[in-house]
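Undergrad: data_36.pdb (PDB, C-alpha atoms and all ligand atoms) pasted underneath:
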```pdb
ATOM      1  CA  MET A   1     186.325 218.144 144.961
ATOM      2  CA  ALA A   2     188.669 218.490 147.890
ATOM      3  CA  ARG A   3     192.320 218.257 147.034
ATOM      4  CA  SER A   4     194.070 215.131 148.267
ATOM      5  CA  SER A   5     196.859 215.620 150.765
ATOM      6  CA  ALA A   6     199.327 214.492 148.060
ATOM      7  CA  ASP A   7     198.115 217.280 145.730
ATOM      8  CA  ALA A   8     198.455 219.840 148.517
ATOM      9  CA  THR A   9     201.936 218.513 149.275
ATOM     10  CA  ARG A  10     202.960 218.843 145.617
ATOM     11  CA  LEU A  11     201.805 222.462 145.623
ATOM     12  CA  GLU A  12     203.824 223.100 148.788
ATOM     13  CA  GLY A  13     206.947 221.615 147.214
ATOM     14  CA  ALA A  14     206.553 223.695 144.058
ATOM     15  CA  ALA A  15     205.874 226.840 146.118
ATOM     16  CA  ALA A  16     209.075 226.299 148.134
ATOM     17  CA  ALA A  17     211.067 226.037 144.864
ATOM     18  CA  LYS A  18     209.471 229.223 143.499
ATOM     19  CA  ALA A  19     210.239 231.072 146.732
ATOM     20  CA  LEU A  20     213.896 230.019 146.503
ATOM     21  CA  HIS A  21     214.077 231.167 142.850
ATOM     22  CA  THR A  22     212.861 234.579 143.988
ATOM     23  CA  GLU A  23     215.108 234.762 147.037
ATOM     24  CA  LEU A  24     218.255 233.954 145.034
ATOM     25  CA  ASP A  25     217.261 235.858 141.857
ATOM     26  CA  VAL A  26     217.581 232.584 139.950
ATOM     27  CA  ARG A  27     215.367 233.579 137.033
ATOM     28  CA  ARG A  28     217.473 236.587 136.059
ATOM     29  CA  ARG A  29     220.747 234.723 136.618
ATOM     30  CA  VAL A  30     219.602 231.814 134.447
ATOM     31  CA  THR A  31     217.953 233.735 131.608
ATOM     32  CA  GLU A  32     220.882 236.175 131.356
ATOM     33  CA  GLY A  33     223.408 233.377 131.844
ATOM     34  CA  ALA A  34     223.778 229.747 130.853
ATOM     35  CA  GLY A  35     220.051 229.037 130.347
ATOM     36  CA  LEU A  36     219.829 226.344 133.006
ATOM     37  CA  VAL A  37     219.454 226.287 136.769
ATOM     38  CA  ASP A  38     222.781 225.539 138.453
ATOM     39  CA  VAL A  39     221.586 223.279 141.267
ATOM     40  CA  PHE A  40     225.040 222.593 142.712
ATOM     41  CA  GLU A  41     225.905 226.293 142.797
ATOM     42  CA  THR A  42     222.593 227.065 144.542
ATOM     43  CA  ILE A  43     223.324 224.493 147.248
ATOM     44  CA  GLY A  44     226.692 226.212 147.749
ATOM     45  CA  ASP A  45     225.018 229.660 147.810
ATOM     46  CA  LEU A  46     222.891 228.430 150.720
ATOM     47  CA  GLY A  47     225.960 227.223 152.597
ATOM     48  CA  ILE A  48     224.800 223.602 152.565
ATOM     49  CA  PRO A  49     227.741 221.171 152.328
ATOM     50  CA  LEU A  50     227.530 219.088 149.126
ATOM     51  CA  MET A  51     229.747 216.112 148.319
ATOM     52  CA  PHE A  52     229.864 213.531 145.535
ATOM     53  CA  LYS A  53     230.768 209.930 146.397
ATOM     54  CA  PRO A  54     230.551 206.608 144.532
ATOM     55  CA  LEU A  55     227.390 205.551 146.393
ATOM     56  CA  THR A  56     226.117 202.228 145.122
ATOM     57  CA  SER A  57     223.011 201.769 147.212
ATOM     58  CA  ALA A  58     221.551 205.284 146.889
ATOM     59  CA  LEU A  59     221.333 208.086 144.342
ATOM     60  CA  GLY A  60     221.561 210.697 147.037
ATOM     61  CA  LEU A  61     220.898 211.495 150.638
ATOM     62  CA  CYS A  62     220.186 214.471 152.815
ATOM     63  CA  LEU A  63     221.299 214.795 156.421
ATOM     64  CA  PRO A  64     218.843 216.726 158.570
ATOM     65  CA  ALA A  65     219.680 219.770 160.703
ATOM     66  CA  PRO A  66     221.737 220.317 162.763
ATOM     67  CA  LEU A  67     224.189 218.212 160.672
ATOM     68  CA  ARG A  68     222.938 219.476 157.296
ATOM     69  CA  GLY A  69     224.568 218.100 154.201
ATOM     70  CA  ILE A  70     223.842 216.535 150.826
ATOM     71  CA  LEU A  71     225.588 213.540 149.312
ATOM     72  CA  ILE A  72     225.096 212.569 145.648
ATOM     73  CA  THR A  73     226.364 209.492 143.834
ATOM     74  CA  THR A  74     229.036 209.792 141.151
ATOM     75  CA  ARG A  75     227.645 206.695 139.430
ATOM     76  CA  ARG A  76     224.989 208.432 137.387
ATOM     77  CA  GLY A  77     224.894 210.918 134.526
ATOM     78  CA  LEU A  78     224.909 214.662 135.094
ATOM     79  CA  HIS A  79     221.159 215.112 134.522
ATOM     80  CA  ILE A  80     220.293 212.551 137.216
ATOM     81  CA  GLN A  81     222.886 214.047 139.559
ATOM     82  CA  ARG A  82     221.290 217.487 139.076
ATOM     83  CA  PHE A  83     217.741 216.248 139.618
ATOM     84  CA  THR A  84     218.749 214.186 142.667
ATOM     85  CA  ALA A  85     220.576 217.178 144.158
ATOM     86  CA  ALA A  86     217.470 219.336 143.616
ATOM     87  CA  HIS A  87     215.362 216.683 145.390
ATOM     88  CA  GLU A  88     217.778 216.640 148.350
ATOM     89  CA  LEU A  89     217.829 220.448 148.339
ATOM     90  CA  GLY A  90     214.041 220.292 148.639
ATOM     91  CA  HIS A  91     214.369 218.136 151.773
ATOM     92  CA  ALA A  92     216.863 220.620 153.228
ATOM     93  CA  VAL A  93     214.857 223.770 152.373
ATOM     94  CA  MET A  94     211.597 222.305 153.682
ATOM     95  CA  GLU A  95     213.413 221.124 156.821
ATOM     96  CA  HIS A  96     212.403 217.498 156.410
ATOM     97  CA  ARG A  97     213.888 214.760 158.495
ATOM     98  CA  GLY A  98     216.828 212.983 156.821
ATOM     99  CA  SER A  99     216.270 211.011 153.649
ATOM    100  CA  ILE A 100     218.084 208.334 151.692
ATOM    101  CA  ASP A 101     216.882 208.177 148.096
ATOM    102  CA  LEU A 102     217.316 204.927 146.269
ATOM    103  CA  GLU A 103     215.329 205.257 143.087
ATOM    104  CA  ILE A 104     215.104 207.560 140.118
ATOM    105  CA  LEU A 105     213.303 210.652 141.306
ATOM    106  CA  GLU A 106     211.845 211.889 138.040
ATOM    107  CA  ARG A 107     208.353 210.728 138.757
ATOM    108  CA  GLY A 108     205.856 212.561 136.654
ATOM    109  CA  PRO A 109     202.979 214.616 137.949
ATOM    110  CA  LEU A 110     200.648 211.667 137.390
ATOM    111  CA  ALA A 111     202.693 209.145 139.354
ATOM    112  CA  PRO A 112     200.574 207.478 142.024
ATOM    113  CA  SER A 113     201.319 208.995 145.403
ATOM    114  CA  LYS A 114     199.226 206.510 147.358
ATOM    115  CA  GLY A 115     201.292 204.998 150.119
ATOM    116  CA  ARG A 116     204.263 207.256 149.414
ATOM    117  CA  ASP A 117     205.894 209.294 152.116
ATOM    118  CA  LEU A 118     204.570 212.834 151.691
ATOM    119  CA  GLN A 119     208.031 214.299 152.288
ATOM    120  CA  GLU A 120     209.199 212.416 149.185
ATOM    121  CA  VAL A 121     206.219 213.697 147.169
ATOM    122  CA  ALA A 122     207.072 217.258 148.273
ATOM    123  CA  ALA A 123     210.787 216.869 147.449
ATOM    124  CA  ASP A 124     209.954 215.499 143.965
ATOM    125  CA  ALA A 125     207.670 218.463 143.296
ATOM    126  CA  PHE A 126     210.346 220.845 144.577
ATOM    127  CA  ALA A 127     212.964 219.308 142.262
ATOM    128  CA  ALA A 128     210.712 219.421 139.178
ATOM    129  CA  GLU A 129     209.834 223.073 139.774
ATOM    130  CA  PHE A 130     213.360 224.063 140.755
ATOM    131  CA  VAL A 131     215.121 222.552 137.709
ATOM    132  CA  LEU A 132     212.319 222.934 135.157
ATOM    133  CA  PRO A 133     210.175 225.997 135.944
ATOM    134  CA  ARG A 134     207.647 227.193 133.401
ATOM    135  CA  TRP A 135     209.633 230.380 132.733
ATOM    136  CA  LEU A 136     212.650 228.319 131.661
ATOM    137  CA  TYR A 137     210.577 226.484 129.045
ATOM    138  CA  ARG A 138     209.291 229.836 127.802
ATOM    139  CA  HIS A 139     212.826 231.276 127.691
ATOM    140  CA  HIS A 140     214.137 228.497 125.433
ATOM    141  CA  ILE A 141     211.007 228.227 123.287
ATOM    142  CA  ARG A 142     211.253 231.954 122.599
ATOM    143  CA  ASN A 143     215.027 231.957 122.018
ATOM    144  CA  GLN A 144     214.765 229.105 119.551
ATOM    145  CA  GLY A 145     211.698 230.505 117.790
ATOM    146  CA  TRP A 146     209.837 227.223 118.361
ATOM    147  CA  SER A 147     206.066 227.024 118.325
ATOM    148  CA  VAL A 148     204.271 224.850 120.852
ATOM    149  CA  ALA A 149     201.817 223.439 118.319
ATOM    150  CA  ASN A 150     204.332 222.596 115.575
ATOM    151  CA  ASP A 151     207.701 222.078 117.231
ATOM    152  CA  LEU A 152     207.166 220.875 120.793
ATOM    153  CA  VAL A 153     205.161 217.857 119.674
ATOM    154  CA  ASN A 154     208.310 216.708 117.865
ATOM    155  CA  PRO A 155     210.523 214.453 120.045
ATOM    156  CA  ALA A 156     213.680 215.732 118.301
ATOM    157  CA  THR A 157     212.844 219.297 119.406
ATOM    158  CA  VAL A 158     212.032 218.242 122.965
ATOM    159  CA  TYR A 159     215.336 216.331 123.131
ATOM    160  CA  GLN A 160     217.208 219.538 122.185
ATOM    161  CA  LEU A 161     215.130 221.502 124.708
ATOM    162  CA  SER A 162     216.077 218.987 127.439
ATOM    163  CA  LEU A 163     219.811 219.417 126.714
ATOM    164  CA  ARG A 164     219.542 223.200 126.992
ATOM    165  CA  MET A 165     217.762 222.905 130.355
ATOM    166  CA  GLY A 166     220.233 220.297 131.681
ATOM    167  CA  ALA A 167     217.529 217.703 132.305
ATOM    168  CA  SER A 168     216.671 214.255 131.014
ATOM    169  CA  TYR A 169     214.276 213.821 128.108
ATOM    170  CA  ASN A 170     211.732 212.200 130.423
ATOM    171  CA  ALA A 171     211.812 214.940 133.051
ATOM    172  CA  THR A 172     211.437 217.540 130.293
ATOM    173  CA  CYS A 173     208.342 215.736 128.962
ATOM    174  CA  TRP A 174     206.804 215.648 132.455
ATOM    175  CA  GLY A 175     207.365 219.389 132.816
ATOM    176  CA  LEU A 176     205.537 220.028 129.531
ATOM    177  CA  LEU A 177     202.556 218.236 131.066
ATOM    178  CA  SER A 178     202.688 219.667 134.590
ATOM    179  CA  HIS A 179     203.006 223.234 133.256
ATOM    180  CA  GLN A 180     200.115 222.484 130.888
ATOM    181  CA  ILE A 181     202.185 223.422 127.852
ATOM    182  CA  LEU A 182     201.122 220.163 126.163
ATOM    183  CA  SER A 183     198.208 217.795 126.726
ATOM    184  CA  ARG A 184     198.433 214.368 128.318
ATOM    185  CA  GLY A 185     197.999 212.697 124.924
ATOM    186  CA  GLU A 186     200.780 214.785 123.354
ATOM    187  CA  VAL A 187     203.166 214.019 126.222
ATOM    188  CA  ASP A 188     202.315 210.298 126.095
ATOM    189  CA  ALA A 189     203.218 210.350 122.387
ATOM    190  CA  LEU A 190     206.525 212.151 123.117
ATOM    191  CA  ARG A 191     207.423 209.624 125.812
ATOM    192  CA  LYS A 192     207.154 206.773 123.303
ATOM    193  CA  ALA A 193     210.104 208.181 121.333
ATOM    194  CA  GLN A 194     213.447 206.417 121.708
ATOM    195  CA  VAL A 195     216.104 208.964 122.557
ATOM    196  CA  ALA A 196     218.838 206.697 121.158
ATOM    197  CA  LYS A 197     217.184 206.908 117.728
ATOM    198  CA  LEU A 198     217.000 210.719 117.947
ATOM    199  CA  LYS A 199     220.749 210.784 118.591
ATOM    200  CA  THR A 200     221.457 208.429 115.701
ATOM    201  CA  ALA A 201     219.439 210.572 113.296
ATOM    202  CA  LEU A 202     221.316 213.729 114.316
ATOM    203  CA  GLY A 203     224.791 212.223 114.154
ATOM    204  CA  ASP A 204     224.262 210.709 110.674
ATOM    205  CA  GLU A 205     226.484 207.647 110.820
ATOM    206  CA  PHE A 206     228.489 209.031 113.760
ATOM    207  CA  LYS A 207     227.707 208.292 117.379
ATOM    208  CA  PRO A 208     228.626 210.014 120.622
ATOM    209  CA  GLY A 209     231.263 208.271 122.740
ATOM    210  CA  SER A 210     228.801 206.390 124.953
ATOM    211  CA  SER A 211     225.112 205.586 125.149
ATOM    212  CA  TRP A 212     224.486 208.277 127.791
ATOM    213  CA  SER A 213     226.288 210.991 125.837
ATOM    214  CA  ASP A 214     224.331 213.425 123.697
ATOM    215  CA  VAL A 215     224.174 214.974 120.247
ATOM    216  CA  TRP A 216     223.656 218.735 120.196
ATOM    217  CA  ARG A 217     221.989 220.318 117.189
ATOM    218  CA  LEU A 218     223.150 223.923 117.183
ATOM    219  CA  THR A 219     222.027 226.718 114.899
ATOM    220  CA  GLU A 220     222.483 230.489 114.730
ATOM    221  CA  LYS A 221     219.851 230.700 117.501
ATOM    222  CA  ASP A 222     222.446 229.192 119.835
ATOM    223  CA  ASN A 223     225.041 231.878 119.177
ATOM    224  CA  GLY A 224     226.471 232.855 122.568
ATOM    225  CA  ALA A 225     225.009 229.806 124.344
ATOM    226  CA  GLN A 226     226.739 227.904 127.115
ATOM    227  CA  LEU A 227     226.540 224.114 126.768
ATOM    228  CA  LEU A 228     226.647 221.851 129.800
ATOM    229  CA  GLY A 229     227.318 218.318 128.648
ATOM    230  CA  ASN A 230     229.627 215.344 128.472
ATOM    231  CA  PRO A 231     233.194 215.203 127.112
ATOM    232  CA  ASP A 232     232.191 212.646 124.485
ATOM    233  CA  ASP A 233     229.045 214.426 123.245
ATOM    234  CA  LEU A 234     228.805 215.094 119.513
ATOM    235  CA  ILE A 235     228.184 218.576 118.187
ATOM    236  CA  ARG A 236     226.215 219.172 115.013
ATOM    237  CA  ILE A 237     226.403 222.804 113.868
ATOM    238  CA  GLU A 238     224.026 224.010 111.152
ATOM    239  CA  LEU A 239     224.756 227.535 109.938
ATOM    240  CA  LYS A 240     223.498 229.532 106.955
ATOM    241  CA  GLU A 241     226.277 230.611 104.656
ATOM    242  CA  ALA A 242     226.106 233.541 102.215
ATOM    243  CA  ALA A 243     227.907 231.453  99.619
ATOM    244  CA  SER A 244     226.795 233.507  96.616
ATOM    245  CA  ALA A 245     228.633 236.500  98.120
ATOM    246  CA  GLY A 246     231.677 234.326  98.633
ATOM    247  CA  TYR A 247     231.302 233.887 102.370
ATOM    248  CA  GLN A 248     232.327 230.667 104.076
ATOM    249  CA  TRP A 249     232.300 229.549 107.695
ATOM    250  CA  GLN A 250     235.904 228.971 108.703
ATOM    251  CA  ILE A 251     235.574 225.387 109.849
ATOM    252  CA  GLU A 252     239.372 225.176 110.165
ATOM    253  CA  SER A 253     239.037 226.938 113.521
ATOM    254  CA  LEU A 254     237.248 223.826 114.825
ATOM    255  CA  VAL A 255     240.260 221.744 113.897
ATOM    256  CA  GLY A 256     242.551 224.394 115.359
ATOM    257  CA  ALA A 257     240.639 224.150 118.662
ATOM    258  CA  GLY A 258     241.221 220.392 118.711
ATOM    259  CA  PHE A 259     237.829 219.204 117.421
ATOM    260  CA  GLU A 260     237.676 216.201 115.134
ATOM    261  CA  VAL A 261     235.511 217.180 112.145
ATOM    262  CA  LEU A 262     233.566 214.039 111.224
ATOM    263  CA  SER A 263     231.480 215.468 108.419
ATOM    264  CA  ASP A 264     231.104 218.776 106.619
ATOM    265  CA  SER A 265     228.350 219.242 104.050
ATOM    266  CA  SER A 266     226.482 222.050 102.341
ATOM    267  CA  ALA A 267     222.926 222.074 101.053
ATOM    268  CA  VAL A 268     220.796 224.706  99.358
ATOM    269  CA  SER A 269     218.384 226.140 101.871
ATOM    270  CA  ARG A 270     214.903 225.078 100.833
ATOM    271  CA  ASP A 271     213.228 227.537 103.078
ATOM    272  CA  PRO A 272     212.303 229.081 100.618
ATOM    273  CA  LEU A 273     214.132 227.510  97.697
ATOM    274  CA  HIS A 274     215.752 230.172  95.557
ATOM    275  CA  TYR A 275     219.024 230.177  93.677
ATOM    276  CA  GLY A 276     221.697 232.440  95.056
ATOM    277  CA  GLY A 277     220.114 232.179  98.507
ATOM    278  CA  PRO A 278     221.995 231.030 101.563
ATOM    279  CA  ILE A 279     223.531 227.578 101.786
ATOM    280  CA  LEU A 280     223.062 225.511 104.920
ATOM    281  CA  ARG A 281     226.451 224.316 106.116
ATOM    282  CA  THR A 282     226.269 221.284 108.432
ATOM    283  CA  VAL A 283     229.295 220.172 110.400
ATOM    284  CA  ILE A 284     229.435 217.250 112.819
ATOM    285  CA  ALA A 285     232.377 217.359 115.199
ATOM    286  CA  ARG A 286     233.755 215.573 118.219
ATOM    287  CA  PRO A 287     235.131 217.841 120.975
ATOM    288  CA  PRO A 288     238.796 217.458 121.931
ATOM    289  CA  VAL A 289     239.592 214.897 124.637
ATOM    290  CA  SER A 290     241.625 217.563 126.415
ATOM    291  CA  GLY A 291     238.497 219.709 126.829
ATOM    292  CA  VAL A 292     237.742 223.162 125.479
ATOM    293  CA  ASP A 293     236.010 226.189 127.037
ATOM    294  CA  GLU A 294     234.999 228.176 124.017
ATOM    295  CA  LEU A 295     234.479 227.820 120.312
ATOM    296  CA  VAL A 296     234.447 230.779 117.910
ATOM    297  CA  LEU A 297     233.631 230.375 114.224
ATOM    298  CA  ARG A 298     233.712 233.210 111.708
ATOM    299  CA  GLU A 299     232.023 233.545 108.365
ATOM    300  CA  ARG A 300     234.491 235.128 105.982
ATOM    301  CA  GLN A 301     235.178 236.004 102.410
ATOM    302  CA  PRO A 302     238.549 234.282 102.222
ATOM    303  CA  TRP A 303     240.086 237.133 100.216
ATOM    304  CA  SER A 304     239.082 239.902 102.608
ATOM    305  CA  PRO A 305     239.290 238.768 106.206
ATOM    306  CA  THR A 306     238.143 241.362 108.726
ATOM    307  CA  ILE A 307     237.352 241.157 112.388
ATOM    308  CA  GLU A 308     233.772 242.377 111.850
ATOM    309  CA  ASP A 309     232.706 239.223 110.014
ATOM    310  CA  PRO A 310     229.669 237.397 111.379
ATOM    311  CA  SER A 311     230.695 235.022 114.114
ATOM    312  CA  PHE A 312     229.242 232.115 116.033
ATOM    313  CA  THR A 313     230.408 231.605 119.603
ATOM    314  CA  LEU A 314     229.718 228.830 122.066
ATOM    315  CA  GLY A 315     230.795 228.413 125.671
ATOM    316  CA  LEU A 316     231.455 224.759 126.421
ATOM    317  CA  ALA A 317     231.355 223.041 129.807
ATOM    318  CA  LEU A 318     231.597 219.443 128.655
ATOM    319  CA  ASN A 319     232.840 218.046 131.940
ATOM    320  CA  GLY A 320     230.252 215.293 132.279
ATOM    321  CA  PRO A 321     228.984 214.074 135.650
ATOM    322  CA  GLU A 322     230.543 215.342 138.861
ATOM    323  CA  ALA A 323     233.402 212.929 139.530
ATOM    324  CA  GLY A 324     233.794 213.054 143.306
ATOM    325  CA  GLY A 325     234.428 215.343 146.267
ATOM    326  CA  LEU A 326     233.264 218.941 145.899
ATOM    327  CA  SER A 327     231.262 220.099 142.879
ATOM    328  CA  LEU A 328     233.060 221.995 140.100
ATOM    329  CA  ALA A 329     231.007 225.071 141.063
ATOM    330  CA  GLU A 330     232.253 224.843 144.647
ATOM    331  CA  ARG A 331     235.865 224.333 143.581
ATOM    332  CA  ARG A 332     235.555 227.409 141.352
ATOM    333  CA  ARG A 333     234.114 229.354 144.262
ATOM    334  CA  ARG A 334     237.033 228.379 146.447
ATOM    335  CA  GLY A 335     239.476 229.424 143.754
ATOM    336  CA  ALA A 336     240.819 225.919 143.201
ATOM    337  CA  LEU A 337     239.971 226.177 139.504
ATOM    338  CA  THR A 338     240.765 229.061 137.259
TER     339      THR A 338
HETATM  340 ZN    ZN A 401     213.920 212.014 149.208
END
```
Give the structure from the file, written as structure tokens.
TA:
Amino acid sequence: MARSSADATRLEGAAAAKALHTELDVRRRVTEGAGLVDVFETIGDLGIPLMFKPLTSALGLCLPAPLRGILITTRRGLHIQRFTAAHELGHAVMEHRGSIDLEILERGPLAPSKGRDLQEVAADAFAAEFVLPRWLYRHHIRNQGWSVANDLVNPATVYQLSLRMGASYNATCWGLLSHQILSRGEVDALRKAQVAKLKTALGDEFKPGSSWSDVWRLTEKDNGAQLLGNPDDLIRIELKEAASAGYQWQIESLVGAGFEVLSDSSAVSRDPLHYGGPILRTVIARPPVSGVDELVLRERQPWSPTIEDPSFTLGLALNGPEAGGLSLAERRRRGALT
């Protein structure tokens, strides 16, 4: 069967995103760095002016050459800002005429394209491939030790995957389908999950500061990770503790760094259940309002503190959506932020 022009256009959009990944060495930078594609930084790398404004009538817009420029609304969450910026970047890279984008751009691969402007179909495909390439799924699945058959069919796992890739839950589900990691039926089942309920389950009785904020479930697999999130996200840290040898995670350092510790519990690891085995320490904490860049926890025997004790480190960029003007990445580039 001949491919429809919309299918061919989608392939073109995805190919343009892949070519840009290669040109800018994005895969290496992402997999050796923060684990997510920095869309705003990429736009800056290409010398395309990018500004954030409180647009009410549009999510984003792209001015065509010779003006060249991208404008993104400040009135949406960070994940939508990132996806919209990737869509506008697609217009710019593929040298489309100007575009004003009014609606949510995370249309899945099965969205009807009939009657749609092909430039919009191409920019959507560019954005999906640029933010959520197959290799990024593989990177996180491998890092976390997840299995496709057992873990990725679980909405709670896919929610955590989406946070690590800096994308919405929905966009992450669509990528699982378009990269043929899961079947249509499996993705349909995932999309029925209510993200609000996933957050509630993770936070026990505690909730993040707002409905669009997130709850991160972090384990030893996340040691060294860089989190991109919101200031009022909740952090749930689950770490094994060699309690029978007298080791304890020094949760006081969370308090010292300004975190509010909401709950701190220990349970015998049932995996496998054996006495004297490690304890699973679970801490739920709210980050400080003043912000924090890094968190270091150490597991110590209180009577013999040494600097070689096991440690758990996180980089935190909980700045939330871009608030206006230049992006944080651009301000860093210009030396306005230290
Ligand atoms: Zn568009």
Undergrad: Mind checking which residues fall within 10 Å of Gly35 of chain A, counting all atoms listed in the file, ignoring those fewer than 3 positions away in the same chain, and posting them as a list in words?
TA: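 After dropping sequence-adjacent residues, the list is Arg27, Arg28, Arg29, Val30, Thr31, Glu32, Asp38, Leu136, Tyr137, His139, His140, Arg164, Met165, Gly166, Ala225, Gln226, Leu227 and Leu228 of chain A.
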Undergrad: List as a tab-separated table every residue of chain A that is in contact with ligand ZN 401 (chain A), defined as an atom at most 8 Å from one of its atoms (using only C-alpha atoms and all ligand atoms), together with the nearest atom pair and the distance in Å rounded to one decimal, sorted by chain and then rising number.
TA:
```
residue	atom	partner	partner_atom	distance
A:Leu61	CA	A:ZN401	ZN	7.1
A:Cys62	CA	A:ZN401	ZN	7.6
A:His87	CA	A:ZN401	ZN	6.2
A:Glu88	CA	A:ZN401	ZN	6.1
A:His91	CA	A:ZN401	ZN	6.7
A:Ser99	CA	A:ZN401	ZN	5.1
A:Ile100	CA	A:ZN401	ZN	6.1
A:Asp101	CA	A:ZN401	ZN	5.0
A:Gln119	CA	A:ZN401	ZN	7.0
A:Glu120	CA	A:ZN401	ZN	4.7
A:Ala123	CA	A:ZN401	ZN	6.0
A:Asp124	CA	A:ZN401	ZN	7.4
```
Undergrad: Output C-alpha atoms of each residue in that selection to a file, as a compact mmCIF listing (two decimals), in the coordinates of the input.
TA:
```txt
# COMPACT_ATOMS: atom_id res chain seq x y z
CA LEU A 61 220.90 211.50 150.64
CA CYS A 62 220.19 214.47 152.82
CA HIS A 87 215.36 216.68 145.39
CA GLU A 88 217.78 216.64 148.35
CA HIS A 91 214.37 218.14 151.77
CA SER A 99 216.27 211.01 153.65
CA ILE A 100 218.08 208.33 151.69
CA ASP A 101 216.88 208.18 148.10
CA GLN A 119 208.03 214.30 152.29
CA GLU A 120 209.20 212.42 149.18
CA ALA A 123 210.79 216.87 147.45
CA ASP A 124 209.95 215.50 143.96
```
Undergrad: For a quick check of understanding, using all atoms listed in the file, which of A:Gly115, A:Gly246, A:Pro321, A:Gly13 has the smallest distance to Ser304 of chain A?
TA: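 Looking at the shortest contact to Ser304 of chain A, the residue is A:Gly246.
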Undergrad: Kindly extract all protein, DNA and RNA residues lying within 9 Å of the coordinates (232.1, 206.7, 125.8) given in the file, considering only C-alpha atoms, and supply them as a PyMOL selection string.
TA: chain A and resi 208-213+231-233
Undergrad: Exactly which residues make up the result of the PyMOL selection byres (((chain A and resi 65-79) around 8) and not hetatm) on this file, given as a PyMOL selection string?
TA: chain A and resi 48-56+58-64+80-85+88-89+92+95+97+166-168+212+229+320-324
Undergrad: At what distance in Å, to one decimal, does atom CA of Arg236 of chain A lie from atom CA of Leu176 of chain A?
TA: 25.3 Å
Undergrad: Please return segment 239-250 of chain A, rebuilt to N, CA, C and O atoms, as a CSV table (one decimal), in the frame of the given file.
TA:
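As written to disk, rebuild23.csv reads:
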```
chain,number,residue,atom,x,y,z
A,239,LEU,N,224.7,226.1,110.1
A,239,LEU,CA,224.8,227.5,109.9
A,239,LEU,C,224.5,227.9,108.5
A,239,LEU,O,225.0,227.3,107.6
A,240,LYS,N,223.7,229.0,108.3
A,240,LYS,CA,223.5,229.5,107.0
A,240,LYS,C,224.8,230.2,106.5
A,240,LYS,O,225.4,230.9,107.3
A,241,GLU,N,225.0,230.1,105.2
A,241,GLU,CA,226.3,230.6,104.7
A,241,GLU,C,225.9,231.4,103.4
A,241,GLU,O,225.2,230.9,102.5
A,242,ALA,N,226.4,232.7,103.4
A,242,ALA,CA,226.1,233.5,102.2
A,242,ALA,C,227.1,233.2,101.1
A,242,ALA,O,228.0,234.0,100.7
A,243,ALA,N,226.9,232.0,100.6
A,243,ALA,CA,227.9,231.5,99.6
A,243,ALA,C,228.0,232.3,98.3
A,243,ALA,O,229.0,232.4,97.7
A,244,SER,N,226.8,232.8,97.9
A,244,SER,CA,226.8,233.5,96.6
A,244,SER,C,227.6,234.8,96.7
A,244,SER,O,228.1,235.3,95.7
A,245,ALA,N,227.8,235.3,97.9
A,245,ALA,CA,228.6,236.5,98.1
A,245,ALA,C,230.1,236.1,98.5
A,245,ALA,O,230.9,236.9,98.8
A,246,GLY,N,230.3,234.8,98.4
A,246,GLY,CA,231.7,234.3,98.6
A,246,GLY,C,232.0,234.1,100.1
A,246,GLY,O,233.2,233.8,100.4
A,247,TYR,N,231.0,234.1,101.0
A,247,TYR,CA,231.3,233.9,102.4
A,247,TYR,C,231.4,232.4,102.7
A,247,TYR,O,230.6,231.6,102.1
A,248,GLN,N,232.2,232.0,103.6
A,248,GLN,CA,232.3,230.7,104.1
A,248,GLN,C,232.6,230.7,105.6
A,248,GLN,O,233.4,231.5,106.0
A,249,TRP,N,231.9,229.7,106.3
A,249,TRP,CA,232.3,229.5,107.7
A,249,TRP,C,233.7,228.9,107.8
A,249,TRP,O,234.0,227.9,107.0
A,250,GLN,N,234.5,229.4,108.6
A,250,GLN,CA,235.9,229.0,108.7
A,250,GLN,C,236.0,227.8,109.6
A,250,GLN,O,236.3,227.9,110.8
```
